[in-house]
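Novice: This one is protein27.txt, compact mmCIF, C-alpha atoms (C1' of nucleotides).
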```
# COMPACT_ATOMS: atom_id res chain seq x y z
CA MET G 1 0.00 0.00 0.00
CA ASN G 2 1.33 3.47 -0.79
CA GLN G 3 2.32 5.72 2.10
CA ILE G 4 -0.34 8.35 1.51
CA LYS G 5 -3.13 5.80 1.41
CA ASN G 6 -1.72 4.11 4.50
CA THR G 7 -1.59 7.45 6.32
CA TYR G 8 -5.24 8.05 5.47
CA LYS G 9 -6.20 4.67 6.90
CA LEU G 10 -4.25 5.30 10.10
CA LEU G 11 -5.81 8.75 10.57
CA LYS G 12 -9.27 7.39 9.88
CA LYS G 13 -8.80 4.54 12.31
CA HIS G 14 -7.40 6.77 15.06
CA TYR G 15 -9.74 9.74 14.83
CA SER G 16 -12.90 7.77 14.23
CA LYS G 17 -12.25 6.38 17.71
CA GLN G 18 -12.11 9.89 19.11
CA HIS G 19 -15.15 10.98 17.14
CA PRO G 20 -17.39 7.91 16.78
CA LYS G 21 -19.87 9.80 14.66
CA GLY G 22 -17.18 10.96 12.27
CA TRP G 23 -15.30 14.21 11.91
CA ILE G 24 -16.99 17.54 12.51
CA LYS G 25 -20.07 17.32 10.37
CA THR G 26 -22.47 20.23 10.30
CA LYS G 27 -25.49 20.24 8.08
CA GLY G 28 -24.06 17.58 5.80
CA SER G 29 -20.74 19.29 5.31
CA ILE G 30 -17.38 18.20 6.67
CA TRP G 31 -16.30 21.85 6.60
CA PRO G 32 -17.58 23.47 9.80
CA ILE G 33 -20.57 25.71 9.11
CA SER G 34 -22.96 27.03 11.72
CA HIS G 35 -24.09 30.54 10.86
CA ASN G 36 -27.03 30.00 8.51
CA PHE G 37 -25.55 31.57 5.40
CA ASP G 38 -27.57 31.62 2.19
CA PRO G 39 -26.82 29.36 0.48
CA PRO G 40 -25.18 27.35 3.30
CA GLN G 41 -22.11 26.58 1.20
CA PHE G 42 -21.41 30.29 0.83
CA GLU G 43 -20.24 30.18 4.45
CA ILE G 44 -17.53 27.79 3.24
CA VAL G 45 -16.51 30.25 0.54
CA VAL G 46 -16.29 33.10 3.05
CA GLY G 47 -14.45 30.95 5.58
CA ALA G 48 -11.98 29.74 2.96
CA LEU G 49 -10.95 33.30 2.19
CA LEU G 50 -10.97 34.58 5.76
CA THR G 51 -8.86 31.71 7.07
CA GLN G 52 -5.89 32.71 4.93
CA ASN G 53 -2.88 32.78 7.29
CA THR G 54 -5.24 33.13 10.22
CA ASN G 55 -6.30 31.09 13.22
CA TRP G 56 -9.72 29.52 12.68
CA GLY G 57 -10.95 30.92 16.00
CA ASN G 58 -10.54 34.42 14.61
CA VAL G 59 -12.44 33.39 11.47
CA GLU G 60 -15.28 32.16 13.67
CA LYS G 61 -15.49 35.59 15.28
CA ALA G 62 -15.68 37.27 11.89
CA LEU G 63 -18.34 34.82 10.66
CA LYS G 64 -20.40 35.47 13.78
CA ASN G 65 -20.12 39.23 13.26
CA LEU G 66 -21.40 38.81 9.70
CA ALA G 67 -24.27 36.59 10.82
CA ASP G 68 -25.22 38.93 13.66
CA ALA G 69 -25.31 41.80 11.17
CA ASN G 70 -27.48 39.63 8.91
CA ILE G 71 -24.82 39.64 6.20
CA ARG G 72 -25.22 36.01 5.19
CA SER G 73 -25.93 35.98 1.48
CA VAL G 74 -23.80 36.44 -1.63
CA GLU G 75 -25.83 39.54 -2.48
CA ALA G 76 -25.35 41.03 0.98
CA ILE G 77 -21.57 40.65 0.80
CA ALA G 78 -21.48 41.95 -2.76
CA ASN G 79 -23.45 45.06 -1.83
CA ILE G 80 -22.21 45.91 1.64
CA LYS G 81 -20.08 49.01 2.06
CA THR G 82 -16.40 48.06 2.14
CA THR G 83 -15.70 49.97 5.36
CA LYS G 84 -18.61 48.20 7.06
CA LEU G 85 -17.37 44.81 5.85
CA GLU G 86 -13.88 45.65 7.10
CA GLN G 87 -15.19 46.22 10.62
CA LEU G 88 -17.23 43.01 10.64
CA ILE G 89 -14.37 40.77 9.52
CA ARG G 90 -11.70 42.64 11.46
CA PRO G 91 -11.01 39.76 13.92
CA SER G 92 -9.83 37.57 11.04
CA GLY G 93 -6.84 39.83 10.41
CA PHE G 94 -5.68 41.43 7.16
CA TYR G 95 -9.21 42.82 7.19
CA LYS G 96 -8.76 45.60 4.65
CA GLN G 97 -7.49 43.40 1.83
CA LYS G 98 -9.81 40.55 2.79
CA ALA G 99 -12.86 42.85 2.68
CA LYS G 100 -11.97 44.03 -0.81
CA ARG G 101 -11.27 40.50 -2.02
CA LEU G 102 -14.38 39.04 -0.43
CA LYS G 103 -16.64 41.61 -2.08
CA ALA G 104 -15.04 40.94 -5.47
CA LEU G 105 -15.46 37.20 -4.95
CA ALA G 106 -19.15 37.62 -4.05
CA LYS G 107 -19.73 39.73 -7.15
CA PHE G 108 -17.98 37.12 -9.26
CA ILE G 109 -20.19 34.34 -7.85
CA LEU G 110 -23.30 36.40 -8.54
CA GLU G 111 -22.26 36.73 -12.16
CA ASN G 112 -21.05 33.13 -12.54
CA LYS G 113 -23.25 30.35 -11.22
CA ASN G 114 -20.69 27.81 -12.38
CA PHE G 115 -17.01 28.57 -12.49
CA THR G 116 -13.68 26.88 -13.10
CA ARG G 117 -10.48 26.70 -11.06
CA GLU G 118 -8.82 28.97 -13.59
CA GLN G 119 -11.53 31.58 -13.17
CA LEU G 120 -11.15 31.52 -9.39
CA LEU G 121 -7.37 31.79 -9.68
CA SER G 122 -7.75 34.85 -11.89
CA LEU G 123 -9.38 36.73 -8.98
CA ASN G 124 -7.22 38.84 -6.73
CA GLY G 125 -6.58 37.13 -3.41
CA ILE G 126 -7.68 33.69 -4.53
CA GLY G 127 -4.67 31.40 -4.70
CA LYS G 128 -4.50 27.68 -5.28
CA GLU G 129 -5.35 26.59 -1.76
CA THR G 130 -8.32 28.92 -1.42
CA ALA G 131 -9.61 28.00 -4.88
CA ASP G 132 -9.33 24.29 -4.13
CA SER G 133 -11.02 24.68 -0.73
CA ILE G 134 -13.94 26.41 -2.45
CA LEU G 135 -14.09 23.81 -5.23
CA ASN G 136 -13.85 20.81 -2.95
CA TYR G 137 -15.89 21.80 0.07
CA ALA G 138 -18.38 24.31 -1.36
CA CYS G 139 -18.76 23.00 -4.92
CA ASN G 140 -18.14 19.30 -4.18
CA LYS G 141 -15.49 18.89 -6.88
CA PRO G 142 -12.89 16.10 -6.62
CA VAL G 143 -9.82 18.28 -5.99
CA PHE G 144 -7.52 17.74 -3.03
CA VAL G 145 -6.67 20.75 -0.86
CA ILE G 146 -3.00 21.17 -0.04
CA ASP G 147 -2.57 23.46 2.94
CA ALA G 148 0.14 24.25 5.47
CA TYR G 149 -0.99 21.33 7.64
CA THR G 150 -0.73 18.88 4.76
CA LYS G 151 2.74 20.07 3.80
CA ARG G 152 3.97 20.12 7.39
CA ILE G 153 2.68 16.69 8.33
CA PHE G 154 3.68 14.86 5.15
CA SER G 155 7.10 16.45 4.94
CA ARG G 156 7.75 15.44 8.55
CA LEU G 157 6.65 11.95 7.66
CA GLY G 158 9.21 12.02 4.88
CA ILE G 159 6.57 11.35 2.24
CA ILE G 160 7.16 14.69 0.52
CA SER G 161 10.08 17.09 0.76
CA GLY G 162 7.84 20.09 1.21
CA ASN G 163 9.57 21.98 -1.57
CA GLU G 164 7.44 20.55 -4.34
CA ASP G 165 5.16 22.72 -6.42
CA TYR G 166 1.58 22.98 -5.10
CA ASP G 167 0.01 21.20 -8.07
CA GLU G 168 2.66 18.48 -7.90
CA ILE G 169 1.68 17.65 -4.31
CA ARG G 170 -2.02 17.91 -5.16
CA GLN G 171 -1.68 15.43 -8.01
CA LEU G 172 0.34 13.10 -5.82
CA PHE G 173 -2.52 12.97 -3.33
CA GLU G 174 -5.21 12.75 -5.97
CA THR G 175 -3.54 9.78 -7.63
CA SER G 176 -2.54 8.01 -4.39
CA ILE G 177 -6.05 7.51 -3.09
CA LYS G 178 -9.31 6.65 -4.77
CA LYS G 179 -10.53 9.77 -6.53
CA GLY G 180 -13.68 11.13 -4.94
CA THR G 181 -14.96 14.40 -3.50
CA LYS G 182 -16.12 12.98 -0.18
CA LEU G 183 -12.95 10.97 0.34
CA PHE G 184 -10.79 14.03 -0.40
CA GLN G 185 -12.87 16.08 2.03
CA GLU G 186 -12.61 13.48 4.75
CA PHE G 187 -8.88 12.94 4.30
CA HIS G 188 -8.13 16.65 4.39
CA ALA G 189 -10.40 17.08 7.41
CA LEU G 190 -8.51 14.29 9.18
CA ILE G 191 -5.23 16.05 8.38
CA VAL G 192 -6.57 19.26 9.93
CA GLU G 193 -7.84 17.37 12.96
CA HIS G 194 -4.50 15.61 13.35
CA ALA G 195 -2.52 18.82 12.97
CA LYS G 196 -4.48 20.47 15.75
CA VAL G 197 -3.59 17.70 18.16
CA HIS G 198 -0.15 16.55 17.01
CA CYS G 199 3.01 17.83 15.41
CA ARG G 200 2.77 21.47 16.44
CA LYS G 201 6.06 22.13 18.14
CA GLN G 202 8.04 18.93 18.15
CA PRO G 203 8.72 17.16 14.84
CA VAL G 204 7.01 13.96 15.92
CA CYS G 205 5.53 13.13 19.30
CA GLU G 206 5.52 9.71 20.92
CA LYS G 207 1.76 9.34 20.82
CA CYS G 208 1.51 10.18 17.14
CA PRO G 209 -0.85 7.70 15.46
CA LEU G 210 1.32 7.95 12.35
CA LEU G 211 4.51 6.59 13.91
CA GLU G 212 4.48 3.48 11.75
CA VAL G 213 4.59 5.47 8.52
CA CYS G 214 6.96 8.06 9.96
CA ASP G 215 10.56 7.79 8.88
CA TYR G 216 11.66 10.82 10.88
CA GLY G 217 14.96 9.99 12.50
CA ARG G 218 15.51 7.04 10.20
CA LYS G 219 16.82 9.16 7.36
C1' DG K 1 5.95 40.36 24.92
C1' DG K 2 6.93 37.16 21.30
C1' DC K 3 5.26 33.67 18.41
C1' DC K 4 2.05 31.66 15.46
C1' DA K 5 -2.11 30.79 12.71
C1' DG K 6 -5.73 26.02 7.22
C1' DG K 7 -2.21 32.60 2.09
C1' DA K 8 -1.61 35.63 -1.52
C1' DC K 9 0.75 39.04 -3.88
C1' DA K 10 4.14 42.59 -5.22
C1' DC K 11 8.73 43.43 -5.90
C1' DC K 12 13.46 42.37 -6.77
C1' DA K 13 17.63 40.02 -8.38
C1' DT X 1 12.31 30.88 -10.33
C1' DG X 2 13.27 31.90 -5.65
C1' DG X 3 13.66 34.92 -1.69
C1' DT X 4 11.66 38.67 1.05
C1' DG X 5 8.40 42.13 2.78
C1' DT X 6 3.57 43.27 3.59
C1' DC X 7 -0.94 42.68 5.16
C1' DA X 8 -3.17 42.42 11.10
C1' DT X 9 -5.90 40.23 14.69
C1' DG X 10 -6.21 37.40 18.87
C1' DG X 11 -4.90 33.31 21.76
C1' DC X 12 -1.37 31.18 24.32
```
Just dump the structure as structure tokens.
Specialist:
Amino acid sequence: MNQIKNTYKLLKKHYSKQHPKGWIKTKGSIWPISHNFDPPQFEIVVGALLTQNTNWGNVEKALKNLADANIRSVEAIANIKTTKLEQLIRPSGFYKQKAKRLKALAKFILENKNFTREQLLSLNGIGKETADSILNYACNKPVFVIDAYTKRIFSRLGIISGNEDYDEIRQLFETSIKKGTKLFQEFHALIVEHAKVHCRKQPVCEKCPLLEVCDYGRK
DNA sequence: GGCCAGGACACCA
DNA sequence: TGGTGTCATGGC
């Protein structure tokens, strides 16, 4: 079995024990949503942009501010005054550029019911990770999201070097496991879950459920 | 008080 | 193509 597939199985086995009902599932989505956006998956889009280089807890604060102000729809974001949006999403950091980018993204979605990865990437502030998060979690497309957690964990495991091009790592993951939207979502969610518990400071901790695929120290 | 968090982009050599 | 600075808040 390849190392990536084996890692997935180990994560699934370990964390399904911690969360018998599965990973965080809210309203049918593996991505955490809880603020009644319209449509619900638009909360994923907003969260994907706001979480750029930011702690998720701060994103939660910004999402709550938006919900409390009844700014939950694509139209509302597209039409809100930029200065008002800046204040609402302020806790998520980089609020001035994020407000501008979020409004532009909302306007784009209003004008394009269906869109491609290339179209998303052409927007200011939407890079590969954010585009793939939107495509996978909000649009249910079979693309694998490569984020800082993925790179950190798999480079420490010795499975990637960490210096590879984004799309190279993405294709490696997409071809290593059975291609499927839900599987990609679950695997990435497990990586996030794992990263929050393990491998923050020290390279590998003793209780890491991935020790058997970890070649750290053996190189 | 310093470090870090689920990036992206402009600028420079 | 690769390295560096910038954007900024909040928790630990």
Novice: Contacts between chain X and chain G, please, where a residue of chain G counts if it comes within 8 Å (with all atoms listed in the file); show its shortest atom pair and distance in Å to one decimal, rows by chain and ascending number, as JSON lines.
Specialist:
```
{"residue": "G:Asn58", "atom": "CA", "partner": "X:DG10", "partner_atom": "C1'", "distance": 6.8}
{"residue": "G:Arg90", "atom": "CA", "partner": "X:DT9", "partner_atom": "C1'", "distance": 7.1}
{"residue": "G:Pro91", "atom": "CA", "partner": "X:DT9", "partner_atom": "C1'", "distance": 5.2}
{"residue": "G:Ser92", "atom": "CA", "partner": "X:DT9", "partner_atom": "C1'", "distance": 6.0}
{"residue": "G:Gly93", "atom": "CA", "partner": "X:DT9", "partner_atom": "C1'", "distance": 4.4}
{"residue": "G:Phe94", "atom": "CA", "partner": "X:DA8", "partner_atom": "C1'", "distance": 4.8}
{"residue": "G:Tyr95", "atom": "CA", "partner": "X:DA8", "partner_atom": "C1'", "distance": 7.2}
{"residue": "G:Gln97", "atom": "CA", "partner": "X:DC7", "partner_atom": "C1'", "distance": 7.4}
```
Novice: Keeping only C-alpha atoms, write the selected residues as a PDB file, in the coordinates of the input.
Specialist:
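As written to disk, again.pdb reads:
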```pdb
ATOM      1  CA  ASN G  58     -10.540  34.420  14.610  1.00  0.00           C
ATOM      2  CA  ARG G  90     -11.700  42.640  11.460  1.00  0.00           C
ATOM      3  CA  PRO G  91     -11.010  39.760  13.920  1.00  0.00           C
ATOM      4  CA  SER G  92      -9.830  37.570  11.040  1.00  0.00           C
ATOM      5  CA  GLY G  93      -6.840  39.830  10.410  1.00  0.00           C
ATOM      6  CA  PHE G  94      -5.680  41.430   7.160  1.00  0.00           C
ATOM      7  CA  TYR G  95      -9.210  42.820   7.190  1.00  0.00           C
ATOM      8  CA  GLN G  97      -7.490  43.400   1.830  1.00  0.00           C
TER       9      GLN G  97
END
```
Novice: Would you list the contacts of stretch 1-12 of chain K as a list in words, taking every protein, DNA or RNA residue within 6 Å and counting only C-alpha atoms (C1' of nucleotides), but skipping same-chain residues closer than 4 positions in sequence?
Specialist: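 Listing them by chain and then by number gives Gln52, Asn53, Thr54, Asn55, Gly125 and Asp147 of chain G.
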Novice: Within 12 Å of chain K, which residues belong to chain G? Use only C-alpha atoms (C1' of nucleotides) and report them as an mmCIF file with C-alpha atoms, in the coordinates of the input.
Specialist:
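See out08.cif below for the written result:
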```
data_model
loop_
_atom_site.group_PDB
_atom_site.id
_atom_site.type_symbol
_atom_site.label_atom_id
_atom_site.label_comp_id
_atom_site.auth_asym_id
_atom_site.auth_seq_id
_atom_site.Cartn_x
_atom_site.Cartn_y
_atom_site.Cartn_z
ATOM 1 C CA TRP G 31 -16.300 21.850 6.600
ATOM 2 C CA GLY G 47 -14.450 30.950 5.580
ATOM 3 C CA ALA G 48 -11.980 29.740 2.960
ATOM 4 C CA LEU G 49 -10.950 33.300 2.190
ATOM 5 C CA LEU G 50 -10.970 34.580 5.760
ATOM 6 C CA THR G 51 -8.860 31.710 7.070
ATOM 7 C CA GLN G 52 -5.890 32.710 4.930
ATOM 8 C CA ASN G 53 -2.880 32.780 7.290
ATOM 9 C CA THR G 54 -5.240 33.130 10.220
ATOM 10 C CA ASN G 55 -6.300 31.090 13.220
ATOM 11 C CA TRP G 56 -9.720 29.520 12.680
ATOM 12 C CA GLY G 57 -10.950 30.920 16.000
ATOM 13 C CA ASN G 58 -10.540 34.420 14.610
ATOM 14 C CA VAL G 59 -12.440 33.390 11.470
ATOM 15 C CA SER G 92 -9.830 37.570 11.040
ATOM 16 C CA GLY G 93 -6.840 39.830 10.410
ATOM 17 C CA PHE G 94 -5.680 41.430 7.160
ATOM 18 C CA GLN G 97 -7.490 43.400 1.830
ATOM 19 C CA LYS G 98 -9.810 40.550 2.790
ATOM 20 C CA ARG G 101 -11.270 40.500 -2.020
ATOM 21 C CA LEU G 121 -7.370 31.790 -9.680
ATOM 22 C CA LEU G 123 -9.380 36.730 -8.980
ATOM 23 C CA ASN G 124 -7.220 38.840 -6.730
ATOM 24 C CA GLY G 125 -6.580 37.130 -3.410
ATOM 25 C CA ILE G 126 -7.680 33.690 -4.530
ATOM 26 C CA GLY G 127 -4.670 31.400 -4.700
ATOM 27 C CA LYS G 128 -4.500 27.680 -5.280
ATOM 28 C CA GLU G 129 -5.350 26.590 -1.760
ATOM 29 C CA THR G 130 -8.320 28.920 -1.420
ATOM 30 C CA ALA G 131 -9.610 28.000 -4.880
ATOM 31 C CA SER G 133 -11.020 24.680 -0.730
ATOM 32 C CA VAL G 145 -6.670 20.750 -0.860
ATOM 33 C CA ILE G 146 -3.000 21.170 -0.040
ATOM 34 C CA ASP G 147 -2.570 23.460 2.940
ATOM 35 C CA ALA G 148 0.140 24.250 5.470
ATOM 36 C CA TYR G 149 -0.990 21.330 7.640
ATOM 37 C CA THR G 150 -0.730 18.880 4.760
ATOM 38 C CA LYS G 151 2.740 20.070 3.800
ATOM 39 C CA ARG G 152 3.970 20.120 7.390
ATOM 40 C CA HIS G 188 -8.130 16.650 4.390
ATOM 41 C CA ALA G 189 -10.400 17.080 7.410
ATOM 42 C CA ILE G 191 -5.230 16.050 8.380
ATOM 43 C CA VAL G 192 -6.570 19.260 9.930
ATOM 44 C CA GLU G 193 -7.840 17.370 12.960
ATOM 45 C CA ALA G 195 -2.520 18.820 12.970
ATOM 46 C CA LYS G 196 -4.480 20.470 15.750
ATOM 47 C CA ARG G 200 2.770 21.470 16.440
ATOM 48 C CA LYS G 201 6.060 22.130 18.140
#
```
Novice: Go ahead and fit an axis-aligned box to every listed atom of stretch 2-9 of chain X plus 3 Å each side, and pass me the centre and edge lengths in Å, one decimal, as JSON.
Specialist:
```
{"center_x": 3.9, "center_y": 37.6, "center_z": 4.5, "size_x": 25.6, "size_y": 17.4, "size_z": 26.3}
```
Novice: Provide the atom CA of G:Cys208 to atom CA of G:Ser161 distance in Å, to one decimal place.
Specialist: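 Value for the atom CA of G:Cys208-atom CA of G:Ser161 distance: 19.7 Å.
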Novice: Work out how far apart atom CA of G:Pro39 and atom CA of G:Ala104 are and give it in Å to one decimal.
Specialist: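 Taking atom CA of G:Pro39 and atom CA of G:Ala104, their separation equals 17.6 Å.
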Novice: Quick one, how far is atom CA of G:Arg156 from atom CA of G:Lys179?
Specialist: 24.4 Å
